[in-house]
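Q: Input upload04.cif, format and content: mmCIF, C-alpha atoms.
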```
data_work
#
loop_
_atom_site.label_atom_id
_atom_site.label_comp_id
_atom_site.auth_asym_id
_atom_site.auth_seq_id
_atom_site.Cartn_x
_atom_site.Cartn_y
_atom_site.Cartn_z
CA MET A 247 11.06 1.70 19.69
CA ARG A 248 11.76 -1.91 20.66
CA PRO A 249 14.52 -3.66 18.72
CA PHE A 250 13.46 -5.82 15.79
CA ASP A 251 15.05 -7.50 12.80
CA TYR A 252 14.49 -5.96 9.40
CA VAL A 253 14.62 -7.80 6.08
CA GLU A 254 14.11 -6.46 2.58
CA PRO A 255 13.32 -9.17 0.02
CA GLU A 256 14.47 -8.41 -3.53
CA THR A 257 11.80 -10.49 -5.26
CA LEU A 258 8.17 -11.47 -4.72
CA ASP A 259 9.15 -15.14 -4.37
CA GLU A 260 11.61 -14.23 -1.65
CA ALA A 261 8.97 -12.10 0.10
CA LEU A 262 6.40 -14.92 -0.02
CA ALA A 263 8.96 -17.37 1.39
CA LEU A 264 9.75 -14.96 4.24
CA VAL A 265 6.13 -14.45 5.28
CA ALA A 266 5.53 -18.20 5.07
CA GLU A 267 8.43 -19.20 7.32
CA ASP A 268 7.51 -17.16 10.40
CA PRO A 269 4.14 -15.54 9.84
CA GLU A 270 3.08 -14.92 13.44
CA ASP A 271 6.05 -12.87 14.63
CA SER A 272 6.65 -11.03 11.37
CA LEU A 273 4.91 -7.93 10.13
CA VAL A 274 4.93 -6.71 6.56
CA MET A 275 5.74 -3.07 5.92
CA ALA A 276 4.83 -1.17 2.77
CA GLY A 277 5.15 2.64 3.16
CA GLY A 278 5.39 2.32 6.94
CA THR A 279 3.35 5.38 7.99
CA SER A 280 1.03 3.41 10.26
CA LEU A 281 3.40 0.61 11.21
CA VAL A 282 6.16 2.95 12.41
CA ILE A 283 3.74 4.96 14.57
CA LEU A 284 2.32 1.78 16.11
CA MET A 285 5.82 0.48 16.85
CA LYS A 286 6.91 3.83 18.32
CA GLN A 287 3.90 3.79 20.60
CA ASP A 288 4.64 0.17 21.57
CA LEU A 289 1.20 -0.94 20.37
CA ILE A 290 2.72 -3.64 18.17
CA ARG A 291 5.94 -5.54 18.87
CA PRO A 292 7.07 -7.48 15.83
CA ALA A 293 10.18 -9.62 16.14
CA ARG A 294 10.80 -9.02 12.45
CA VAL A 295 9.66 -6.47 9.90
CA ILE A 296 9.60 -7.44 6.24
CA GLY A 297 10.01 -4.31 4.12
CA LEU A 298 8.52 -4.59 0.65
CA ARG A 299 9.93 -1.43 -0.92
CA LYS A 300 12.22 -3.24 -3.37
CA LEU A 301 9.28 -5.03 -5.07
CA SER A 302 8.95 -2.23 -7.59
CA GLN A 303 6.63 -4.21 -9.87
CA LEU A 304 3.95 -3.76 -7.19
CA ARG A 305 4.00 0.01 -7.78
CA ALA A 306 2.43 -0.28 -11.23
CA ILE A 307 -0.84 1.52 -12.00
CA ASP A 308 -2.40 0.18 -15.21
CA ALA A 309 -5.58 0.72 -17.17
CA ALA A 310 -6.51 -2.76 -18.40
CA ASP A 311 -10.22 -3.62 -18.59
CA GLY A 312 -10.74 -1.19 -15.74
CA LEU A 313 -7.84 -0.51 -13.40
CA ARG A 314 -5.08 -2.62 -11.86
CA LEU A 315 -3.59 -0.76 -8.93
CA GLY A 316 -0.38 -2.17 -7.47
CA ALA A 317 -0.32 -2.63 -3.70
CA LEU A 318 2.79 -0.46 -3.39
CA ALA A 319 1.39 2.45 -5.41
CA THR A 320 1.40 5.50 -3.15
CA HIS A 321 -1.68 7.61 -2.54
CA GLY A 322 0.12 10.49 -4.26
CA ALA A 323 0.90 8.43 -7.36
CA LEU A 324 -2.71 7.20 -7.52
CA ALA A 325 -4.11 10.73 -7.14
CA ARG A 326 -1.86 11.98 -9.98
CA SER A 327 -2.32 8.95 -12.25
CA ALA A 328 -3.84 9.77 -15.64
CA ALA A 329 -5.26 6.22 -15.74
CA VAL A 330 -7.03 6.61 -12.40
CA ARG A 331 -8.37 10.06 -13.30
CA ALA A 332 -9.63 8.79 -16.65
CA HIS A 333 -11.38 5.87 -14.99
CA ALA A 334 -13.11 7.94 -12.32
CA ALA A 335 -12.21 11.42 -11.14
CA ALA A 336 -13.89 10.58 -7.82
CA LEU A 337 -11.34 7.81 -7.20
CA ALA A 338 -8.38 10.15 -7.84
CA ARG A 339 -10.01 12.76 -5.56
CA THR A 340 -10.36 10.12 -2.85
CA PHE A 341 -6.63 9.42 -2.79
CA ALA A 342 -5.92 13.18 -2.88
CA ALA A 343 -8.16 13.69 0.18
CA VAL A 344 -6.14 11.43 2.48
CA ALA A 345 -4.17 13.17 5.26
CA THR A 346 -1.37 15.45 4.02
CA VAL A 347 1.01 15.48 1.07
CA ARG A 348 3.75 13.85 3.18
CA ILE A 349 1.59 10.88 4.11
CA ARG A 350 0.30 10.55 0.54
CA GLU A 351 3.88 10.32 -0.78
CA GLN A 352 4.85 7.56 1.66
CA ALA A 353 1.67 5.57 2.37
CA THR A 354 0.58 2.89 -0.09
CA LEU A 355 -2.73 1.44 -1.27
CA GLY A 356 -1.85 -2.04 -0.01
CA GLY A 357 -0.74 -0.74 3.36
CA ASN A 358 -3.95 1.24 3.65
CA LEU A 359 -6.14 -1.81 2.95
CA ALA A 360 -4.15 -4.26 5.09
CA HIS A 361 -4.15 -1.82 8.02
CA ALA A 362 -7.98 -1.86 7.87
CA ASP A 363 -8.60 1.33 9.78
CA PRO A 364 -12.37 1.83 9.33
CA ALA A 365 -11.95 5.61 9.07
CA GLN A 366 -9.83 5.39 5.92
CA ASP A 367 -11.05 6.93 2.66
CA PRO A 368 -9.81 4.75 -0.24
CA PRO A 369 -11.82 1.63 0.76
CA VAL A 370 -15.03 3.67 0.57
CA THR A 371 -14.73 4.66 -3.08
CA LEU A 372 -13.17 1.31 -4.02
CA LEU A 373 -16.17 -0.49 -2.45
CA ALA A 374 -18.57 1.70 -4.42
CA MET A 375 -16.63 0.77 -7.58
CA ASP A 376 -16.82 -3.02 -6.93
CA ALA A 377 -13.07 -3.43 -6.46
CA THR A 378 -11.42 -6.79 -5.81
CA ALA A 379 -8.17 -7.36 -3.93
CA VAL A 380 -5.70 -9.95 -5.20
CA ALA A 381 -3.62 -11.69 -2.54
CA MET A 382 -0.91 -14.30 -2.90
CA SER A 383 0.85 -16.85 -0.75
CA LYS A 384 3.47 -19.43 -1.70
CA ALA A 385 0.67 -21.91 -2.28
CA ARG A 386 -1.91 -19.88 -4.18
CA ALA A 387 -3.28 -16.61 -5.50
CA ARG A 388 -6.71 -15.54 -4.28
CA ARG A 389 -9.23 -12.90 -5.35
CA ILE A 390 -11.05 -11.23 -2.47
CA PRO A 391 -14.01 -8.91 -3.13
CA LEU A 392 -13.13 -5.81 -1.15
CA GLU A 393 -16.15 -6.15 1.09
CA ALA A 394 -14.89 -9.58 2.21
CA LEU A 395 -11.40 -8.22 2.94
CA PHE A 396 -12.56 -6.20 5.94
CA VAL A 397 -13.52 -8.30 8.96
CA ASP A 398 -13.41 -5.90 11.91
CA VAL A 399 -11.51 -2.86 13.20
CA PHE A 400 -7.86 -3.31 12.07
CA GLU A 401 -8.67 -6.89 11.02
CA THR A 402 -8.73 -8.34 7.50
CA SER A 403 -9.37 -11.76 6.01
CA LEU A 404 -5.77 -11.93 4.75
CA GLU A 405 -3.97 -15.05 5.95
CA PRO A 406 -0.69 -14.50 7.85
CA ASP A 407 1.30 -15.94 4.92
CA GLU A 408 -0.45 -13.84 2.27
CA LEU A 409 0.66 -10.63 0.63
CA LEU A 410 -1.66 -8.16 -1.03
CA LEU A 411 -0.51 -7.77 -4.64
CA ARG A 412 -3.00 -5.40 -6.23
CA VAL A 413 -6.53 -4.10 -6.41
CA GLU A 414 -8.62 -4.52 -9.54
CA VAL A 415 -11.38 -2.06 -10.36
CA PRO A 416 -13.78 -3.21 -13.11
CA PRO A 417 -15.06 -0.81 -15.80
CA LEU A 418 -17.96 1.30 -14.54
CA PRO A 419 -21.38 0.67 -16.11
CA ALA A 420 -22.00 2.83 -19.20
CA GLY A 421 -22.98 6.36 -18.23
CA ALA A 422 -22.30 5.78 -14.53
CA ARG A 423 -21.56 8.82 -12.40
CA GLY A 424 -19.61 8.63 -9.17
CA THR A 425 -18.59 10.91 -6.37
CA PHE A 426 -16.84 10.88 -2.99
CA HIS A 427 -17.45 13.17 -0.03
CA LYS A 428 -15.46 13.36 3.18
CA PHE A 429 -17.12 15.25 6.03
CA LEU A 430 -14.39 17.21 7.83
CA PRO A 431 -15.91 19.57 10.39
CA THR A 432 -12.60 20.24 12.19
CA THR A 433 -9.40 20.17 10.10
CA ARG A 434 -8.65 19.22 6.50
CA ASP A 435 -6.06 16.62 7.45
CA ASP A 436 -8.36 14.83 9.90
CA TYR A 437 -9.95 11.44 9.44
CA ALA A 438 -13.49 11.77 8.14
CA THR A 439 -16.32 12.09 10.64
CA VAL A 440 -18.13 10.12 7.96
CA ALA A 441 -17.24 9.60 4.30
CA VAL A 442 -19.52 8.47 1.50
CA ALA A 443 -19.02 7.34 -2.08
CA ALA A 444 -21.89 6.89 -4.52
CA VAL A 445 -21.99 5.48 -8.04
CA VAL A 446 -25.24 5.43 -10.02
CA ALA A 447 -26.32 4.78 -13.59
CA ALA A 448 -29.72 5.27 -15.23
CA ASP A 449 -31.41 4.03 -18.41
CA ALA A 450 -32.74 6.19 -21.26
CA ASN A 451 -35.91 6.86 -19.27
CA GLY A 452 -33.94 8.14 -16.29
CA LEU A 453 -34.68 5.05 -14.21
CA CYS A 454 -31.85 3.85 -11.98
CA THR A 455 -30.16 0.66 -13.23
CA HIS A 456 -27.11 0.60 -10.95
CA ALA A 457 -26.52 2.00 -7.50
CA ARG A 458 -23.62 1.71 -5.07
CA ILE A 459 -23.43 3.57 -1.78
CA ALA A 460 -20.44 3.00 0.50
CA LEU A 461 -19.66 4.62 3.84
CA GLY A 462 -16.49 5.09 5.87
CA GLY A 463 -16.07 6.02 9.52
CA ALA A 464 -19.55 4.65 10.00
CA GLY A 465 -18.90 1.24 11.53
CA PRO A 466 -16.17 -1.27 12.40
CA VAL A 467 -15.49 -1.75 8.68
CA PRO A 468 -16.14 0.35 5.57
CA LEU A 469 -19.62 -0.72 4.53
CA ARG A 470 -22.02 -0.94 1.60
CA ALA A 471 -25.54 0.39 2.24
CA ARG A 472 -27.23 -2.38 0.29
CA GLU A 473 -30.84 -1.66 1.26
CA ALA A 474 -30.35 1.94 0.25
CA GLU A 475 -28.88 0.82 -3.07
CA ARG A 476 -31.81 -1.55 -3.73
CA SER A 477 -34.35 1.16 -2.92
CA LEU A 478 -33.07 3.23 -5.85
CA LEU A 479 -33.22 0.56 -8.54
CA GLY A 480 -35.91 1.10 -11.18
CA ARG A 481 -36.74 4.55 -9.85
CA ARG A 482 -36.11 8.08 -10.97
CA LEU A 483 -33.48 9.65 -8.68
CA ASP A 484 -35.79 12.41 -7.46
CA ASP A 485 -35.96 14.02 -4.04
CA GLY A 486 -38.27 11.35 -2.65
CA ALA A 487 -36.04 8.47 -3.77
CA ILE A 488 -32.92 10.20 -2.45
CA ARG A 489 -34.56 10.93 0.91
CA GLU A 490 -35.61 7.32 1.30
CA ALA A 491 -32.18 5.96 0.29
CA SER A 492 -30.39 8.37 2.62
CA ALA A 493 -32.52 7.26 5.57
CA LEU A 494 -31.75 3.62 4.75
CA ALA A 495 -28.02 4.40 4.45
CA ALA A 496 -28.05 6.13 7.85
CA ALA A 497 -29.83 3.12 9.36
CA ALA A 498 -27.14 0.80 7.94
CA THR A 499 -24.38 2.53 9.90
CA ASP A 500 -22.94 1.34 13.19
CA PRO A 501 -20.61 4.15 14.27
CA ILE A 502 -18.77 4.59 17.56
CA ALA A 503 -18.89 7.75 19.64
CA ASP A 504 -15.54 9.55 19.71
CA LEU A 505 -14.12 13.06 19.48
CA ARG A 506 -15.64 13.39 16.01
CA GLY A 507 -19.18 12.99 17.32
CA SER A 508 -21.79 10.87 19.03
CA VAL A 509 -23.37 7.79 17.49
CA ALA A 510 -26.55 9.74 16.72
CA TYR A 511 -24.63 12.62 15.15
CA LYS A 512 -22.52 10.39 12.90
CA ARG A 513 -25.59 8.44 11.84
CA ALA A 514 -27.43 11.65 11.00
CA MET A 515 -24.42 12.98 9.08
CA ALA A 516 -24.19 9.70 7.14
CA GLY A 517 -27.73 10.40 5.94
CA VAL A 518 -27.01 14.04 5.12
CA TRP A 519 -23.86 13.29 3.13
CA THR A 520 -25.43 10.32 1.33
CA ALA A 521 -28.21 12.65 0.17
CA ARG A 522 -25.69 15.25 -1.01
CA ALA A 523 -23.68 12.62 -2.88
CA LEU A 524 -26.78 11.19 -4.55
CA ARG A 525 -28.08 14.63 -5.57
CA GLU A 526 -24.71 15.31 -7.17
CA VAL A 527 -24.72 12.15 -9.31
CA ALA A 528 -28.49 11.90 -9.97
CA MET B 917 18.20 -6.27 16.34
CA SER B 918 19.66 -6.34 12.85
CA GLU B 919 22.21 -3.84 11.55
CA HIS B 920 22.01 -2.34 8.10
CA ARG B 921 24.30 -0.49 5.78
CA VAL B 922 22.48 2.55 4.41
CA ARG B 923 23.89 4.50 1.48
CA PHE B 924 22.20 7.64 0.21
CA THR B 925 22.96 11.20 -0.75
CA LEU B 926 22.31 13.97 1.74
CA ASN B 927 22.11 17.37 0.06
CA GLY B 928 24.21 15.94 -2.75
CA ALA B 929 26.95 14.42 -0.58
CA ALA B 930 27.37 10.64 -0.42
CA ILE B 931 26.59 9.12 2.98
CA ASP B 932 27.46 5.56 4.01
CA VAL B 933 26.37 4.56 7.52
CA THR B 934 25.45 1.45 9.46
CA VAL B 935 22.30 1.69 11.59
CA GLY B 936 20.10 -0.53 13.73
CA ALA B 937 16.79 -1.56 12.16
CA GLU B 938 14.80 0.72 14.46
CA ARG B 939 16.83 3.89 13.75
CA LEU B 940 14.53 6.64 12.49
CA LEU B 941 15.60 9.00 9.73
CA VAL B 942 15.02 12.04 11.94
CA ASP B 943 17.42 10.67 14.58
CA LEU B 944 19.99 9.63 11.97
CA LEU B 945 19.95 13.17 10.57
CA ARG B 946 20.03 15.03 13.85
CA ASP B 947 22.04 12.84 16.19
CA ASP B 948 24.38 10.90 13.90
CA LEU B 949 24.93 13.36 11.05
CA GLY B 950 24.54 16.63 12.95
CA LYS B 951 21.89 18.07 10.63
CA THR B 952 19.75 19.66 13.33
CA GLY B 953 17.87 21.94 10.93
CA THR B 954 15.32 19.14 10.71
CA LYS B 955 13.23 19.44 13.88
CA ASP B 956 11.43 16.68 15.77
CA GLY B 957 7.95 17.79 16.80
CA CYS B 958 4.90 15.59 17.25
CA SER B 959 6.76 12.37 16.25
CA VAL B 960 3.58 10.97 14.66
CA GLY B 961 3.70 12.57 11.21
CA VAL B 962 1.15 15.29 11.86
CA CYS B 963 2.95 18.58 12.57
CA GLY B 964 5.38 18.81 9.63
CA LEU B 965 8.41 20.01 11.62
CA CYS B 966 10.58 17.12 10.38
CA THR B 967 9.66 17.47 6.69
CA VAL B 968 12.50 16.43 4.41
CA GLN B 969 12.53 15.62 0.70
CA VAL B 970 13.14 12.02 -0.34
CA ASP B 971 13.78 11.83 -4.08
CA GLY B 972 12.03 15.21 -4.25
CA ALA B 973 8.88 14.20 -2.37
CA PRO B 974 8.12 15.75 1.03
CA MET B 975 7.99 13.17 3.82
CA SER B 976 8.06 13.05 7.61
CA ALA B 977 11.52 12.02 8.81
CA CYS B 978 9.88 10.83 12.05
CA LEU B 979 7.88 8.18 10.13
CA LEU B 980 10.72 6.77 8.06
CA LEU B 981 13.10 4.07 9.17
CA ALA B 982 16.61 4.98 8.12
CA THR B 983 16.74 1.69 6.20
CA GLN B 984 13.94 2.94 3.96
CA ILE B 985 16.08 5.71 2.50
CA ASP B 986 18.87 3.42 1.29
CA GLY B 987 19.53 4.35 -2.33
CA THR B 988 17.59 7.62 -2.28
CA ALA B 989 18.49 11.30 -2.48
CA VAL B 990 17.55 13.11 0.75
CA ARG B 991 17.36 16.88 1.00
CA THR B 992 17.14 18.80 4.27
CA VAL B 993 16.92 22.53 4.95
CA GLU B 994 20.74 22.63 5.11
CA GLY B 995 20.78 21.85 1.39
CA LEU B 996 18.15 24.37 0.40
CA ALA B 997 19.04 27.42 -1.70
CA SER B 998 15.81 28.99 -2.87
CA PRO B 999 14.16 32.42 -3.18
CA LEU B 1000 11.81 31.01 -0.53
CA GLN B 1001 14.30 31.69 2.24
CA GLU B 1002 14.62 35.40 1.47
CA ALA B 1003 10.86 35.64 0.94
CA PHE B 1004 10.16 34.07 4.35
CA ILE B 1005 12.31 36.82 5.89
CA THR B 1006 10.85 39.77 3.97
CA GLU B 1007 7.23 38.59 4.26
CA GLY B 1008 7.40 37.61 7.93
CA GLY B 1009 7.04 33.92 7.13
CA PHE B 1010 8.19 32.89 10.57
CA GLN B 1011 7.82 33.94 14.15
CA CYS B 1012 9.32 31.51 16.69
CA GLY B 1013 10.94 29.54 13.84
CA ILE B 1014 10.41 25.96 15.02
CA CYS B 1015 8.22 25.07 12.01
CA THR B 1016 10.26 27.01 9.43
CA SER B 1017 12.53 24.21 8.16
CA GLY B 1018 9.54 22.01 7.48
CA GLN B 1019 7.55 24.86 5.91
CA LEU B 1020 10.47 25.59 3.58
CA MET B 1021 10.99 21.97 2.54
CA THR B 1022 7.30 21.48 1.74
CA ALA B 1023 7.03 24.82 -0.06
CA ASP B 1024 10.13 24.01 -2.11
CA ALA B 1025 8.66 20.63 -3.12
CA LEU B 1026 5.45 22.42 -4.11
CA LEU B 1027 7.20 25.00 -6.30
CA ARG B 1028 9.22 22.28 -8.01
CA ALA B 1029 6.07 20.22 -8.71
CA ARG B 1030 3.94 23.25 -9.61
CA PRO B 1031 5.87 26.39 -10.51
CA GLY B 1032 2.87 28.77 -10.48
CA PRO B 1033 0.51 27.41 -7.84
CA THR B 1034 -2.88 28.97 -7.18
CA GLU B 1035 -3.69 30.11 -3.66
CA ALA B 1036 -5.92 27.05 -3.24
CA GLU B 1037 -3.08 24.76 -4.35
CA VAL B 1038 -0.70 26.39 -1.89
CA ASN B 1039 -3.19 25.98 0.95
CA ASP B 1040 -3.88 22.36 0.04
CA TYR B 1041 -0.21 21.40 -0.26
CA MET B 1042 0.86 23.24 2.90
CA LEU B 1043 -1.99 22.17 5.22
CA GLY B 1044 0.13 19.52 6.93
CA ASN B 1045 2.75 22.01 8.11
CA LEU B 1046 1.45 23.53 11.31
CA CYS B 1047 2.56 26.92 12.65
CA ARG B 1048 1.55 27.27 16.28
CA CYS B 1049 2.34 31.00 16.14
CA THR B 1050 -0.42 30.94 13.45
CA GLY B 1051 1.77 32.85 11.00
CA TYR B 1052 0.00 31.34 8.02
CA TYR B 1053 -0.66 34.56 6.09
CA GLY B 1054 3.02 35.48 6.13
CA ILE B 1055 3.95 31.96 5.00
CA SER B 1056 1.42 32.10 2.14
CA ARG B 1057 2.69 35.55 1.06
CA ALA B 1058 6.28 34.30 1.12
CA ILE B 1059 5.43 31.30 -1.07
CA ALA B 1060 3.55 33.53 -3.53
CA LYS B 1061 6.50 35.92 -3.68
CA ALA B 1062 9.01 33.11 -4.22
CA ALA B 1063 6.79 31.62 -6.94
CA GLU B 1064 6.89 34.97 -8.77
CA ALA B 1065 10.66 35.18 -8.37
CA ARG B 1066 11.29 31.78 -9.95
#
```
In structure tokens, what does this structure look like?

A:
Amino acid sequence: MRPFDYVEPETLDEALALVAEDPEDSLVMAGGTSLVILMKQDLIRPARVIGLRKLSQLRAIDAADGLRLGALATHGALARSAAVRAHAAALARTFAAVATVRIREQATLGGNLAHADPAQDPPVTLLAMDATAVAMSKARARRIPLEALFVDVFETSLEPDELLLRVEVPPLPAGARGTFHKFLPTTRDDYATVAVAAVVAADANGLCTHARIALGGAGPVPLRAREAERSLLGRRLDDGAIREASALAAAATDPIADLRGSVAYKRAMAGVWTARALREVA
Amino acid sequence: MSEHRVRFTLNGAAIDVTVGAERLLVDLLRDDLGKTGTKDGCSVGVCGLCTVQVDGAPMSACLLLATQIDGTAVRTVEGLASPLQEAFITEGGFQCGICTSGQLMTADALLRARPGPTEAEVNDYMLGNLCRCTGYYGISRAIAKAAEAR
């Protein structure tokens, strides 16, 4: 690993001042699982690493008009959290599905989102649950709908002098049902070939009033399948509606070919797993 | 390169060292402190050979900067005293032995978090510790036996 300077701010104000003074050559580290690998492989060469681990207030996980998930909460803490499980079991299962227990104990929610790897799981379920990221710089705090956070592969809309503070998840619509599926044809600790999260709600007549379908590993950013969502509104979630929505979700994907499959295969699997998710929550 | 004073406990003993910012925990343990029971395998957090416990949680020592463990309690296989060790021997829980330290540290963290794990819970918790001799059945039997013994 190349030499670098390491600083550990004790307070949020100190951290914000540090990222503001030298934003281009500094990188922020939360858990460090991705950053340390990238530095070891010489893919990133920061002059300075700002370690956030002493900002313990950013570890908080609170149920308050939905959920407020601190950026430094680990995947393990989120998977175990009674508040997260009570809000949506599918969200807790999503965090529990990431990598291995070692990674889940070290890697954080904020690190996951700021890293912006399009194959990650948490953004998928958080997108389907209309989550908003809250970022802060010395000058201002800013709310970023999660969909607007992801710009491209490993690229977010965070400014160089901003820190991610937390993610807010609003209450789900009354009676909403959600699920998350991660298609893992090789090993359990792999990245998903495709992942899908679905949240739906229906009125007393069984007609769909709310639909969210989000996909991971299916494009340069985690994405919402909006046409598929719209196609379900006002309809009964029967086989025909699910088939149509699944085809629209598959068409919304823009995957790359890699060792997990060809473009056509991933697109087809996005359709298959969207249908399975929708049948489960219909 | 900045230098940092890192104070932590290693298997209960107080440690006070000064390291460069880029020093990894696995290198600090093996090269500076002589605790070579922790093995360095894939170096990218996948294989589980370097599993140690930080404040009781299993983590990859190859993915942690030494500075990150300042103020924590670190446990390595040298500090382990558990029915797991005897069970790994009697149940054939290792073959070549390179993965064994990591298997033990993860299994110990599991049994502390969940004293009577189901087979599915064992498999889920242990899936990140690879055994290239494929001795997984022996490892699972050893964990089940140690869970009974606790």

Q: Report as JSON lines: every residue of segment 251-277 of chain A with an atom at most 12 Å from segment 312-327 of chain A, its closest pair of atoms, and their distance in Å to one decimal, counting only C-alpha atoms, with rows sorted by chain and ascending residue number.

A:
```
{"residue": "A:Val274", "atom": "CA", "partner": "A:Leu318", "partner_atom": "CA", "distance": 11.9}
{"residue": "A:Met275", "atom": "CA", "partner": "A:Leu318", "partner_atom": "CA", "distance": 10.1}
{"residue": "A:Ala276", "atom": "CA", "partner": "A:Leu318", "partner_atom": "CA", "distance": 6.5}
{"residue": "A:Gly277", "atom": "CA", "partner": "A:Leu318", "partner_atom": "CA", "distance": 7.6}
```

Q: Store the residues picked out above in a file with C-alpha atoms, as a PDB file, in the frame of the given file.

A:
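See out-v6.pdb below for the written result:
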```pdb
ATOM      1  CA  VAL A 274       4.930  -6.710   6.560  1.00  0.00           C
ATOM      2  CA  MET A 275       5.740  -3.070   5.920  1.00  0.00           C
ATOM      3  CA  ALA A 276       4.830  -1.170   2.770  1.00  0.00           C
ATOM      4  CA  GLY A 277       5.150   2.640   3.160  1.00  0.00           C
TER       5      GLY A 277
END
```

Q: As an exercise, work out the distance from atom CA of Ala514 of chain A to atom CA of His427 of chain A in Å and give it to one decimal place.

A: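 Separation of atom CA of Ala514 of chain A and atom CA of His427 of chain A: 15.0 Å.
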
Q: Apply the PyMOL selection byres ((chain B and resi 987) around 10) to the file shown and report the selected residues as a PyMOL selection string.

A: chain B and resi 922-925+971+983-986+988-990

Q: Write the residues you've just listed into a file as a short mmCIF file (atom, residue, chain, number, x, y, z; two decimals), keeping the file's coordinate frame, and include C-alpha atoms for each of them.

A:
```cif
data_model
loop_
_atom_site.label_atom_id
_atom_site.label_comp_id
_atom_site.auth_asym_id
_atom_site.auth_seq_id
_atom_site.Cartn_x
_atom_site.Cartn_y
_atom_site.Cartn_z
CA VAL B 922 22.48 2.55 4.41
CA ARG B 923 23.89 4.50 1.48
CA PHE B 924 22.20 7.64 0.21
CA THR B 925 22.96 11.20 -0.75
CA ASP B 971 13.78 11.83 -4.08
CA THR B 983 16.74 1.69 6.20
CA GLN B 984 13.94 2.94 3.96
CA ILE B 985 16.08 5.71 2.50
CA ASP B 986 18.87 3.42 1.29
CA THR B 988 17.59 7.62 -2.28
CA ALA B 989 18.49 11.30 -2.48
CA VAL B 990 17.55 13.11 0.75
#
```

Q: Output the residue selection produced by the PyMOL selection byres ((chain A) within 8 of (chain B)) on the file above, formatted as a list in words.

A: Met247, Arg248, Pro249, Phe250, Asp251, Tyr252, Gly278, Thr279, Val282, Ile283, Arg299, Ala345, Thr346, Val347, Arg348, Ile349, Glu351, Gln352, Arg434 and Asp435 of chain A

Q: Neighbouring residues of segment 498-505 of chain A were defined as those with any atom within 7 Å, considering only C-alpha atoms; residues of the same chain fewer than 2 positions away were excluded. Please report them as a list in words.

A: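 Residues meeting the cut-off are Gly463, Ala464, Gly465, Ala471, Leu494, Ala495, Ala496, Gly507, Ser508, Val509, Lys512 and Arg513 of chain A.
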
Q: For a test of reading the model, state the distance in Å between atom CA of Asp376 of chain A and atom CA of Thr354 of chain A, rounded to one decimal.

A: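 Pair atom CA of Asp376 of chain A / atom CA of Thr354 of chain A returns 19.6 Å.
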
Q: Which value, in Å to one decimal, gives the distance between atom CA of Ala385 of chain A and atom CA of Leu264 of chain A?

A: 13.2 Å

Q: Env of Tyr1052 of chain B: 12 Å cut, atoms = all atoms listed in the file, seq-sep filter 3 positions within chain, self excluded. Answer as number ranges by chain.

A: B: 1004, 1007-1011, 1015-1016, 1019, 1038-1039, 1042-1049, 1055-1059

Q: Given the file above and the PyMOL selection byres ((chain B and resi 954) around 12), which residues are selected, and can you give them as a PyMOL selection string?

A: chain B and resi 941-947+949-953+955-957+964-969+975-978+990-996+1013-1021

Q: Keeping C-alpha atoms, export the residues of the selection given above as a CSV table (one decimal), keeping the file's coordinate frame.

A:
```
chain,number,residue,atom,x,y,z
B,941,LEU,CA,15.6,9.0,9.7
B,942,VAL,CA,15.0,12.0,11.9
B,943,ASP,CA,17.4,10.7,14.6
B,944,LEU,CA,20.0,9.6,12.0
B,945,LEU,CA,20.0,13.2,10.6
B,946,ARG,CA,20.0,15.0,13.8
B,947,ASP,CA,22.0,12.8,16.2
B,949,LEU,CA,24.9,13.4,11.0
B,950,GLY,CA,24.5,16.6,13.0
B,951,LYS,CA,21.9,18.1,10.6
B,952,THR,CA,19.8,19.7,13.3
B,953,GLY,CA,17.9,21.9,10.9
B,955,LYS,CA,13.2,19.4,13.9
B,956,ASP,CA,11.4,16.7,15.8
B,957,GLY,CA,8.0,17.8,16.8
B,964,GLY,CA,5.4,18.8,9.6
B,965,LEU,CA,8.4,20.0,11.6
B,966,CYS,CA,10.6,17.1,10.4
B,967,THR,CA,9.7,17.5,6.7
B,968,VAL,CA,12.5,16.4,4.4
B,969,GLN,CA,12.5,15.6,0.7
B,975,MET,CA,8.0,13.2,3.8
B,976,SER,CA,8.1,13.0,7.6
B,977,ALA,CA,11.5,12.0,8.8
B,978,CYS,CA,9.9,10.8,12.0
B,990,VAL,CA,17.6,13.1,0.8
B,991,ARG,CA,17.4,16.9,1.0
B,992,THR,CA,17.1,18.8,4.3
B,993,VAL,CA,16.9,22.5,5.0
B,994,GLU,CA,20.7,22.6,5.1
B,995,GLY,CA,20.8,21.8,1.4
B,996,LEU,CA,18.2,24.4,0.4
B,1013,GLY,CA,10.9,29.5,13.8
B,1014,ILE,CA,10.4,26.0,15.0
B,1015,CYS,CA,8.2,25.1,12.0
B,1016,THR,CA,10.3,27.0,9.4
B,1017,SER,CA,12.5,24.2,8.2
B,1018,GLY,CA,9.5,22.0,7.5
B,1019,GLN,CA,7.6,24.9,5.9
B,1020,LEU,CA,10.5,25.6,3.6
B,1021,MET,CA,11.0,22.0,2.5
```

Q: Using only C-alpha atoms, which residue out of A:Val265, A:Leu524, A:Ala420, A:Leu479 lies closest to Gly297 of chain A?

A: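 The answer is A:Val265, which sits nearest to Gly297 of chain A.
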
Q: Which residues, written as an MDAnalysis selection string, have at least one atom at most 7 Å from Gly452 of chain A, with only C-alpha atoms counted and residues fewer than 3 positions away on the same chain left out?

A: chainID A and resid 448:449 482

Q: In terms of the shortest atom-to-atom distance over all atoms listed in the file, which of A:Met285, A:Ala309, A:Val399, A:Leu478 is closest to Pro417 of chain A?

A: A:Ala309
